[in-house]
Structures are given as C-alpha cells and as structure tokens.
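Inspection log for the structure reproduced underneath, given as structure tokens.
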Amino acid sequence: MTSSTRLDQLRDSLPPLPTAPRDARRASSTRTVRFHPALPSSVPATSEDLAVTASARHLTTTAVTFSPSGVIHTQYTIDEAAGTATVVLRLSNVDPAAAEDGLAPGATRALWNALWPYVALGGKETSPEELNIELPLPSVVLHDALLALGARHLHPAYALSRAALFENFYYATRDTIDIPFPHVSSETGGVAHPLRAKKPVPGTTLYSRNVPHLDAYFQLQVMGTGERDLQTIHEWMNEPRVDKFWSEAGSLEAHQRFLNDCDADPHTISVVGSYIPVSNDSEPQRGEERATYSQIYYLKEDKLAQLMDGIGEAVDDYDRGVHVLVGSNSHRGPHRVRAWLPSLVHYCFLSDPRTRRVVAEPNQLNEKMIKYFESAGFVRRGTVVFPHKTSALMICDRREFYGKRFPF
C-alpha cells in the first residue's frame with residue numbers, strides 16, 4: 001500500500017482541530033521551558049529540542065523539533081467534568097520541498113518526547129492513566145509512530161497508556177539500546193543460573209530522569225573502589241541511623257574491603273544515587289549531590305533465593321534484589337523517597353525486559369522503610385530469617401509497577 005493511499009484512508013474520518021474555549025485562551029497565563037526527561041548528557045547531540053508551554057487553564061502545548069526538518073506540535077486539554085485528557089497532534093515539515101516520508105526515522109522518538117510531559121509532570125492525581133490522541137490532519141508518519149509506542153487505533157482517535165510511555169523510557173532517552181545479554185547456562189556454588197553480563201565500569205551512568213517536584217534530575221551511577229567512593233561509603237556507614245540496620249560502621253580499611261568485595265561479586269552492582277539541581281529554565285546546574293547507596297543483585301545466585309523457596313516463593317532467572325540506604329541527611333523525607341526509590345526499581349525493570357520482579361528484604365523492625373517500599377509498589381509476601389536479622393519479604397511485580405505506580 002502506498003503512502004498516498006494510506007494518507008487518504010486516514011483523512012476520511014478525522015475530526016476537526018479543537019481549540020481552547022475563548023475565556024480559557026483569554027485568561028490563561030503561560031510559561032515556556034526547556035524540558036529533558038533525562039540528563040542532556042545521556043541524550044545524543046542530534047536529539048530532539050522540546051519546549052513545553054504550561055497554561056494556568058488546563059491547556060498545555062509542546063513543540064519538538066527533530067532531524068532533518070520535522071516539528072511535532074501537541075495541544076493538551078483536560079476536561080475535568082468528563083474526566084478525560086485529549087492530545088491533538090500535528091506534524092509540520094519546515095522544508096516544503098521535503099517529503100513527509102523523510103521524517104519517519106526520528107518521528108517515534110520525537111513523539112515520545114512530546115507526550116512525556118503530560119504523564120510525567122504531574123502526580124497520580126493529575127496524570128491521566130491513558131491519553132486520548134487525535135490527528136486533525138492525516139499523517140502516516142504520526143500514525144506509524146503512535147502504533148510503535150503501543151497506542152491502540154480506535155478509528156479515528158488513538159489511545160496510549162502512560163505505562164507504555166514509561167516502559168519506553170530507555171528507547172527515547174538513550175543514544176543506543178543494549179539488547180538483552182544472551183541466555184547462557186552457568187553455575188555458582190552448585191546453583192544453576194544464567195551467565196551474567198560483564199558489569200558496567202565505575203562511573204557509568206545507568207539511569208537519569210527529570211524530577212519536577214524537586215527541580216532536579218536524579219541519576220544512578222556505578223560505584224567503584226576509588227577514593228571518592230570510599231569516603232562516601234565511610235561517612236554514610238558510620239552514620240548511626242544507617243548503622244542501626246546495616247551494621248557496617250568501621251574504619252576506612254574495613255570500608256575499602258566492603259567496596260572491594262562488592263566490586264568482585266559478578267552478580268552485584270554498587271550504585272550511588274545523586275541529585276543535580278536545575279535552574280529556572282530547567283537546565284541542569286553544575287555539581288551533583290550524592291544521596292543514596294544501593295546494591296542491585298541477581299536473586300537466583302543469592303542466599304535469599306533459598307529462603308524464598310522455603311516459603312513457597314520461587315525465584316525466576318532474572319529477578320533482581322536491592323539493598324538501599326539514604327546516606328545524606330540533606331536528602332531525606334518522603335518527597336525524596338518518591339524520587340529515588342521508584343527510579344531504582346524503574347532501572348531494574350528497564351535494564352532487562354526479562355526481569356519480572358524486584359525484591360527487597362528490609363529488617364522487619366524498620367517499619368518506616370517497609371512503608372516506603374509499599375509506596376513504591378512493593379507488597380509484603382512473608383518473612384525470611386537470616387542469621388543476623390529477620391526481614392520482611394517485599395516484592396514488586398513488573399506489571400503492577402508500570403500499571404499503577406506512575407508517575408512518581
């Protein structure tokens with residue numbers, strides 16, 4: 001089928017372009033900001049330039065320019081009475097001599113960037129679970145891009161879930177996407193498990209995202225064994241509130257061994273979480289503020305797997321576990337947890353689409369941390385007993401996380 005034929009089919013039943021009510025247009029105050037879903041350093045130089053115009057009267061627009069000559073315009077309106085959110089899309093080609101087909105290669109990624117603010121900038125109360133999308137002008141490029149993002153074509157409108165946008169986060173914010181490491185049988189200490197990919201080198205940025213309610217970006221980087229990482233761990237582990245549950249207070253030498261052991265463990269990655277404040281125009285400022293430490297590990301070859309099996313919770317090959325702490329006293333509180341903890345889980349699910357669950361085992365006496373895990377989508381599934389502690393078994397299911405916990 002030719003593009004012109006498909007264009008004719010799309011044109012037949014499209015609705016007219018809606019406009020904002022006259023009083024809304026007259027009363028609205030707007031502001032335009034640059035917005036990146038992730039740190040600009042993790043987006044290639046040729047990526048989209050996204051401008052968001054926010055209105056005081058539930059009318060918002062975005063404009064995304066992308067190579068070579070395309071612009072995707074969106075108009076977003078909320079009907080509070082009907083409880084619906086509608087996005088009107090329009091594709092412009094600033095080069096009148098160029099064919100629309102030439103815009104197809106970058107259109108899907110640009111469309112994701114145009115739609116992202118509508119599900120990411122608000123809380124659960126204001127972010128719709130699904131976007132109703134209309135094309136007042138027929139466009140094969142936009143039609144194909146919508147289907148590529150997981151939209152359902154309802155003829156003539158489209159419906160796109162916010163869960164689909166979050167699951168496509170890496171697709172639109174990273175220069176390259178690593179395919180999952182091949183499944184190769186391996187064994188550790190008599191336990192069969194898949195061979196794990198080589199760990200990323202220290203300093204590698206694993207994940208970053210814009211956190212609007214904190215006016216900052218949050219990022220996760222691989223922690224190594226160098227001087228800066230040693231000083232960070234030494235300070236945090238000797239914090240009394242951290243030592244209460246980690247029991248790792250000690251000397252620099254002890255903490256050097258701690259980092260060395262983590263670095264040598266092929267199934268565990270040590271990760272430091274940091275905030276990068278943004279300026280008034282949503283551009284990142286210099287300087288990161290380290291805040292959290294986490295260990296991300298594969299459950300199958302961990303001692304926790306045997307304890308889970310003992311209470312009837314079988315472990316899948318790609319299930320991940322996490323140990324977490326907030327080291328910085330300046331970055332504590334529920335509003336911070338809402339940024340870093342779901343981001344950590346989000347990374348675990350993004351890093352391998354075969355990961356079905358993320359598991360945590362906080363000390364059952366740490367009631368505050370258990371509640372924080374529950375707020376991020378974890379459900380308590382029992383109790384596991386270690387030689388040194390009794391823990392609540394907290395499990396976060398992939399489908400539950402994407403379906404009900406966004407945005408965060």
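Naming scheme: A, B, ... for chains in displayed order of the structure tokens; residues 1 onward per chain; ligands 1 onward as shown.
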TODO: Assign secondary structure with DSSP using the backbone only, and return the residues of region 62-269 of chain A in alpha helix (DSSP H) as number ranges by chain.
DONE: A: 104-120, 140-148, 162-167, 169-173, 227-237, 240-246, 252-264
Quick one: residues within 10 Å of His143 (chain A), only C-alpha atoms, excluding same-chain residues fewer than 2 positions away - as a PDB file with N, CA, C and O atoms, in the first residue's frame?
ATOM      1  N   ARG A   6      -2.575   5.275   2.024  1.00  0.00           N
ATOM      2  CA  ARG A   6      -2.779   5.231   3.478  1.00  0.00           C
ATOM      3  C   ARG A   6      -3.200   6.601   3.984  1.00  0.00           C
ATOM      4  O   ARG A   6      -4.012   6.728   4.897  1.00  0.00           O
ATOM      5  N   LEU A   7      -2.643   7.663   3.409  1.00  0.00           N
ATOM      6  CA  LEU A   7      -2.995   9.022   3.812  1.00  0.00           C
ATOM      7  C   LEU A   7      -4.459   9.294   3.523  1.00  0.00           C
ATOM      8  O   LEU A   7      -5.183   9.894   4.333  1.00  0.00           O
ATOM      9  N   LEU A  10      -6.631   7.603   6.147  1.00  0.00           N
ATOM     10  CA  LEU A  10      -6.627   8.285   7.438  1.00  0.00           C
ATOM     11  C   LEU A  10      -7.402   9.590   7.399  1.00  0.00           C
ATOM     12  O   LEU A  10      -7.986  10.012   8.391  1.00  0.00           O
ATOM     13  N   THR A 108       9.187   8.553  15.896  1.00  0.00           N
ATOM     14  CA  THR A 108       8.713   7.825  17.077  1.00  0.00           C
ATOM     15  C   THR A 108       9.359   8.369  18.339  1.00  0.00           C
ATOM     16  O   THR A 108       8.684   8.624  19.342  1.00  0.00           O
ATOM     17  N   LEU A 135      -5.701  13.202  15.547  1.00  0.00           N
ATOM     18  CA  LEU A 135      -4.921  13.755  14.433  1.00  0.00           C
ATOM     19  C   LEU A 135      -5.876  14.534  13.530  1.00  0.00           C
ATOM     20  O   LEU A 135      -6.566  13.952  12.695  1.00  0.00           O
ATOM     21  N   PRO A 138      -4.404  14.177   8.533  1.00  0.00           N
ATOM     22  CA  PRO A 138      -3.891  12.816   8.379  1.00  0.00           C
ATOM     23  C   PRO A 138      -2.375  12.814   8.241  1.00  0.00           C
ATOM     24  O   PRO A 138      -1.788  13.661   7.579  1.00  0.00           O
ATOM     25  N   SER A 139      -1.740  11.846   8.889  1.00  0.00           N
ATOM     26  CA  SER A 139      -0.290  11.726   8.830  1.00  0.00           C
ATOM     27  C   SER A 139       0.095  10.264   9.012  1.00  0.00           C
ATOM     28  O   SER A 139      -0.107   9.697  10.085  1.00  0.00           O
ATOM     29  N   VAL A 140       0.639   9.679   7.973  1.00  0.00           N
ATOM     30  CA  VAL A 140       1.102   8.299   8.056  1.00  0.00           C
ATOM     31  C   VAL A 140       2.255   8.193   9.042  1.00  0.00           C
ATOM     32  O   VAL A 140       2.359   7.219   9.801  1.00  0.00           O
ATOM     33  N   VAL A 141       3.124   9.201   9.059  1.00  0.00           N
ATOM     34  CA  VAL A 141       4.280   9.182   9.957  1.00  0.00           C
ATOM     35  C   VAL A 141       3.829   9.160  11.418  1.00  0.00           C
ATOM     36  O   VAL A 141       4.317   8.362  12.223  1.00  0.00           O
ATOM     37  N   ALA A 145       4.114   6.121  14.141  1.00  0.00           N
ATOM     38  CA  ALA A 145       4.833   6.391  15.389  1.00  0.00           C
ATOM     39  C   ALA A 145       3.971   6.055  16.603  1.00  0.00           C
ATOM     40  O   ALA A 145       4.465   5.499  17.588  1.00  0.00           O
ATOM     41  N   LEU A 146       2.697   6.369  16.534  1.00  0.00           N
ATOM     42  CA  LEU A 146       1.792   6.047  17.634  1.00  0.00           C
ATOM     43  C   LEU A 146       1.694   4.539  17.846  1.00  0.00           C
ATOM     44  O   LEU A 146       1.761   4.046  18.977  1.00  0.00           O
ATOM     45  N   LEU A 147       1.552   3.800  16.772  1.00  0.00           N
ATOM     46  CA  LEU A 147       1.466   2.346  16.896  1.00  0.00           C
ATOM     47  C   LEU A 147       2.774   1.765  17.427  1.00  0.00           C
ATOM     48  O   LEU A 147       2.766   0.798  18.201  1.00  0.00           O
ATOM     49  N   ALA A 148       3.903   2.368  17.046  1.00  0.00           N
ATOM     50  CA  ALA A 148       5.201   1.891  17.523  1.00  0.00           C
ATOM     51  C   ALA A 148       5.355   2.090  19.027  1.00  0.00           C
ATOM     52  O   ALA A 148       6.076   1.340  19.691  1.00  0.00           O
ATOM     53  N   ALA A 151       0.232   2.502  21.032  1.00  0.00           N
ATOM     54  CA  ALA A 151      -1.112   3.073  21.033  1.00  0.00           C
ATOM     55  C   ALA A 151      -2.103   2.133  20.338  1.00  0.00           C
ATOM     56  O   ALA A 151      -1.738   1.359  19.454  1.00  0.00           O
ATOM     57  N   HIS A 153      -5.387   1.998  17.945  1.00  0.00           N
ATOM     58  CA  HIS A 153      -6.088   2.824  16.969  1.00  0.00           C
ATOM     59  C   HIS A 153      -7.586   2.563  17.100  1.00  0.00           C
ATOM     60  O   HIS A 153      -8.050   1.452  16.844  1.00  0.00           O
ATOM     61  N   TYR A 158      -6.882   7.690  18.851  1.00  0.00           N
ATOM     62  CA  TYR A 158      -5.924   6.715  19.368  1.00  0.00           C
ATOM     63  C   TYR A 158      -5.931   6.796  20.891  1.00  0.00           C
ATOM     64  O   TYR A 158      -6.286   7.833  21.466  1.00  0.00           O
TER      65      TYR A 158
END
Which residues, written as a PDB file with C-alpha atoms, in the first residue's frame, have at least one atom at most 9 Å from Pro182 (chain A), with only C-alpha atoms counted and residues fewer than 3 positions away on the same chain left out?
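Contents of the output file result.pdb:
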ATOM      1  CA  ILE A 179      19.932  -5.926  23.583  1.00  0.00           C
ATOM      2  CA  PRO A 194      22.044 -17.661  33.558  1.00  0.00           C
ATOM      3  CA  LEU A 195      25.509 -16.320  32.815  1.00  0.00           C
ATOM      4  CA  ARG A 196      25.514 -12.628  33.749  1.00  0.00           C
ATOM      5  CA  ALA A 197      26.800  -9.855  31.517  1.00  0.00           C
TER       6      ALA A 197
END
So which residues touch region 334-342 of chain A within 8 Å, counting only C-alpha atoms, skipping near sequence neighbours fewer than 5 positions away, as a PDB file with N, CA, C and O atoms, in the first residue's frame?
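Done, and the output landed in out09.pdb:
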ATOM      1  N   VAL A 211      13.071  15.159  37.757  1.00  0.00           N
ATOM      2  CA  VAL A 211      12.157  15.049  38.895  1.00  0.00           C
ATOM      3  C   VAL A 211      11.530  16.427  39.108  1.00  0.00           C
ATOM      4  O   VAL A 211      12.080  17.271  39.826  1.00  0.00           O
ATOM      5  N   LEU A 214      11.076  18.237  42.588  1.00  0.00           N
ATOM      6  CA  LEU A 214      12.287  18.607  43.315  1.00  0.00           C
ATOM      7  C   LEU A 214      13.141  19.612  42.547  1.00  0.00           C
ATOM      8  O   LEU A 214      14.192  20.025  43.043  1.00  0.00           O
ATOM      9  N   PHE A 218      17.550  13.183  38.891  1.00  0.00           N
ATOM     10  CA  PHE A 218      18.091  12.128  39.742  1.00  0.00           C
ATOM     11  C   PHE A 218      18.798  11.136  38.846  1.00  0.00           C
ATOM     12  O   PHE A 218      18.275  10.749  37.799  1.00  0.00           O
ATOM     13  N   GLY A 273      23.226   7.110  44.135  1.00  0.00           N
ATOM     14  CA  GLY A 273      22.192   7.970  43.576  1.00  0.00           C
ATOM     15  C   GLY A 273      22.457   9.417  43.928  1.00  0.00           C
ATOM     16  O   GLY A 273      22.777   9.732  45.078  1.00  0.00           O
ATOM     17  N   THR A 292      22.102   8.581  47.924  1.00  0.00           N
ATOM     18  CA  THR A 292      21.705   7.209  48.247  1.00  0.00           C
ATOM     19  C   THR A 292      22.770   6.203  47.807  1.00  0.00           C
ATOM     20  O   THR A 292      23.536   6.456  46.876  1.00  0.00           O
ATOM     21  N   TYR A 372       7.884   2.768  52.989  1.00  0.00           N
ATOM     22  CA  TYR A 372       8.413   3.390  51.778  1.00  0.00           C
ATOM     23  C   TYR A 372       8.412   2.402  50.611  1.00  0.00           C
ATOM     24  O   TYR A 372       8.062   2.759  49.481  1.00  0.00           O
ATOM     25  N   PHE A 373       8.797   1.173  50.882  1.00  0.00           N
ATOM     26  CA  PHE A 373       8.757   0.167  49.824  1.00  0.00           C
ATOM     27  C   PHE A 373       7.322  -0.039  49.334  1.00  0.00           C
ATOM     28  O   PHE A 373       7.074  -0.158  48.119  1.00  0.00           O
ATOM     29  N   ALA A 376       6.231   2.428  46.847  1.00  0.00           N
ATOM     30  CA  ALA A 376       6.831   2.287  45.519  1.00  0.00           C
ATOM     31  C   ALA A 376       6.301   1.077  44.766  1.00  0.00           C
ATOM     32  O   ALA A 376       6.783   0.767  43.674  1.00  0.00           O
ATOM     33  N   PHE A 408       5.922   8.948  39.202  1.00  0.00           N
ATOM     34  CA  PHE A 408       6.449   9.019  40.549  1.00  0.00           C
ATOM     35  C   PHE A 408       7.333  10.232  40.700  1.00  0.00           C
ATOM     36  O   PHE A 408       7.837  10.768  39.763  1.00  0.00           O
TER      37      PHE A 408
END
Surrounding residues of Ala163 (chain A) excluding itself and chain neighbours under 4 positions, 7 Å, only C-alpha atoms, as a short mmCIF file (atom, residue, chain, number, x, y, z; two decimals) with C-alpha atoms, in the first residue's frame:
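The resulting file, result.cif, is shown below:
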data_model
loop_
_atom_site.label_atom_id
_atom_site.label_comp_id
_atom_site.auth_asym_id
_atom_site.auth_seq_id
_atom_site.Cartn_x
_atom_site.Cartn_y
_atom_site.Cartn_z
CA GLU A 167 8.26 1.30 29.63
CA TYR A 402 4.06 0.02 35.39
CA GLY A 403 0.31 -0.19 35.62
#
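For the residues A:Pro96, A:Pro37, A:Pro362, A:Pro266, ranking by smallest atom-to-atom distance to Phe386 (chain A) using only C-alpha atoms places A:Pro362 first.
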Task: Contact residues around Val384 (chain A) with only C-alpha atoms at 9 Å, ignoring same-chain residues under 3 positions, as an NGL selection string - done: :A and (304 or 307-308 or 310-311 or 361 or 389-393)
Open item on the list: Residues near Pro180 (chain A), anyone? I mean within 12 Å using only C-alpha atoms, not counting same-chain ones fewer than 3 positions away, as a list in words.
Closed with: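 These residues fall inside the cut-off: Ile177, His183, Val184, Pro194, Leu195, Arg196, Ala197, Tyr318, Phe349, Leu350, Ser351, Asp352, Pro353, Arg354 and Thr355 of chain A.
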Mind dumping the selected residues with N, CA, C and O atoms as a PDB file, in the first residue's frame?
ATOM      1  N   ILE A 177      20.503   1.355  22.548  1.00  0.00           N
ATOM      2  CA  ILE A 177      19.809   0.416  23.423  1.00  0.00           C
ATOM      3  C   ILE A 177      20.509  -0.934  23.345  1.00  0.00           C
ATOM      4  O   ILE A 177      20.631  -1.518  22.273  1.00  0.00           O
ATOM      5  N   HIS A 183      20.944 -15.730  26.898  1.00  0.00           N
ATOM      6  CA  HIS A 183      20.728 -16.677  27.992  1.00  0.00           C
ATOM      7  C   HIS A 183      21.675 -17.866  27.801  1.00  0.00           C
ATOM      8  O   HIS A 183      21.485 -18.695  26.903  1.00  0.00           O
ATOM      9  N   VAL A 184      22.699 -17.918  28.643  1.00  0.00           N
ATOM     10  CA  VAL A 184      23.690 -18.998  28.604  1.00  0.00           C
ATOM     11  C   VAL A 184      23.709 -19.640  29.989  1.00  0.00           C
ATOM     12  O   VAL A 184      23.831 -18.948  31.009  1.00  0.00           O
ATOM     13  N   PRO A 194      21.498 -18.161  34.823  1.00  0.00           N
ATOM     14  CA  PRO A 194      22.044 -17.661  33.558  1.00  0.00           C
ATOM     15  C   PRO A 194      23.393 -16.975  33.777  1.00  0.00           C
ATOM     16  O   PRO A 194      23.634 -16.366  34.820  1.00  0.00           O
ATOM     17  N   LEU A 195      24.270 -17.082  32.785  1.00  0.00           N
ATOM     18  CA  LEU A 195      25.509 -16.320  32.815  1.00  0.00           C
ATOM     19  C   LEU A 195      25.169 -14.836  32.799  1.00  0.00           C
ATOM     20  O   LEU A 195      24.323 -14.392  32.024  1.00  0.00           O
ATOM     21  N   ARG A 196      25.812 -14.055  33.666  1.00  0.00           N
ATOM     22  CA  ARG A 196      25.514 -12.628  33.749  1.00  0.00           C
ATOM     23  C   ARG A 196      26.470 -11.818  32.874  1.00  0.00           C
ATOM     24  O   ARG A 196      27.641 -12.174  32.732  1.00  0.00           O
ATOM     25  N   ALA A 197      25.965 -10.738  32.334  1.00  0.00           N
ATOM     26  CA  ALA A 197      26.800  -9.855  31.517  1.00  0.00           C
ATOM     27  C   ALA A 197      27.879  -9.205  32.375  1.00  0.00           C
ATOM     28  O   ALA A 197      27.734  -9.070  33.590  1.00  0.00           O
ATOM     29  N   TYR A 318      15.788 -14.003  36.163  1.00  0.00           N
ATOM     30  CA  TYR A 318      16.183 -12.599  36.022  1.00  0.00           C
ATOM     31  C   TYR A 318      15.576 -11.692  37.083  1.00  0.00           C
ATOM     32  O   TYR A 318      15.618 -10.467  36.951  1.00  0.00           O
ATOM     33  N   PHE A 349      13.873  -2.763  36.045  1.00  0.00           N
ATOM     34  CA  PHE A 349      12.991  -3.290  35.013  1.00  0.00           C
ATOM     35  C   PHE A 349      13.446  -2.887  33.609  1.00  0.00           C
ATOM     36  O   PHE A 349      13.294  -3.656  32.649  1.00  0.00           O
ATOM     37  N   LEU A 350      14.005  -1.672  33.477  1.00  0.00           N
ATOM     38  CA  LEU A 350      14.470  -1.229  32.168  1.00  0.00           C
ATOM     39  C   LEU A 350      15.706  -1.989  31.708  1.00  0.00           C
ATOM     40  O   LEU A 350      15.882  -2.238  30.514  1.00  0.00           O
ATOM     41  N   SER A 351      16.580  -2.339  32.649  1.00  0.00           N
ATOM     42  CA  SER A 351      17.879  -2.905  32.275  1.00  0.00           C
ATOM     43  C   SER A 351      17.755  -4.267  31.619  1.00  0.00           C
ATOM     44  O   SER A 351      18.636  -4.676  30.857  1.00  0.00           O
ATOM     45  N   ASP A 352      16.679  -4.995  31.883  1.00  0.00           N
ATOM     46  CA  ASP A 352      16.458  -6.281  31.226  1.00  0.00           C
ATOM     47  C   ASP A 352      14.957  -6.552  31.201  1.00  0.00           C
ATOM     48  O   ASP A 352      14.330  -6.693  32.251  1.00  0.00           O
ATOM     49  N   PRO A 353      14.364  -6.604  30.007  1.00  0.00           N
ATOM     50  CA  PRO A 353      12.904  -6.827  29.921  1.00  0.00           C
ATOM     51  C   PRO A 353      12.469  -8.180  30.458  1.00  0.00           C
ATOM     52  O   PRO A 353      11.269  -8.412  30.629  1.00  0.00           O
ATOM     53  N   ARG A 354      13.430  -9.064  30.752  1.00  0.00           N
ATOM     54  CA  ARG A 354      13.080 -10.373  31.300  1.00  0.00           C
ATOM     55  C   ARG A 354      12.921 -10.341  32.819  1.00  0.00           C
ATOM     56  O   ARG A 354      12.464 -11.320  33.420  1.00  0.00           O
ATOM     57  N   THR A 355      13.280  -9.231  33.439  1.00  0.00           N
ATOM     58  CA  THR A 355      13.123  -9.103  34.895  1.00  0.00           C
ATOM     59  C   THR A 355      11.652  -8.924  35.232  1.00  0.00           C
ATOM     60  O   THR A 355      11.035  -7.935  34.836  1.00  0.00           O
TER      61      THR A 355
END
Open item on the list: Please extract the residues of region 132-279 of chain A with a backbone DSSP assignment of strand (DSSP E) and present them as a ChimeraX atom specification.
Closed with: /A:132-134,152-153,158-161,185-188,191-194,205-211,216-222,268-277
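In this comparison, which uses only C-alpha atoms, the residue of A:Ser328, A:Thr53, A:Thr173, A:Ser270 approaching Ala38 (chain A) most closely is A:Thr173.
Computed from the coordinates, the CA of Met237 (chain A) to CA of Val272 (chain A) distance equals 13.4 Å.
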Open item on the list: Between CA of Tyr217 (chain A) and CA of Tyr275 (chain A), what distance in Å does the model show, to one decimal?
Closed with: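 Between CA of Tyr217 (chain A) and CA of Tyr275 (chain A) the gap is 5.6 Å.
The shortest atom-to-atom distance to Ala305 (chain A), with only C-alpha atoms taken into account, belongs to A:Gly321 out of A:Ser279, A:Ala51, A:Ala216, A:Gly321.
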Task: Proximity to Cys262 (chain A) - best of A:Arg241, A:His73, A:Arg290, A:Lys199, only C-alpha atoms - done: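 With only C-alpha atoms as the atom set, the closest residue is A:Lys199.
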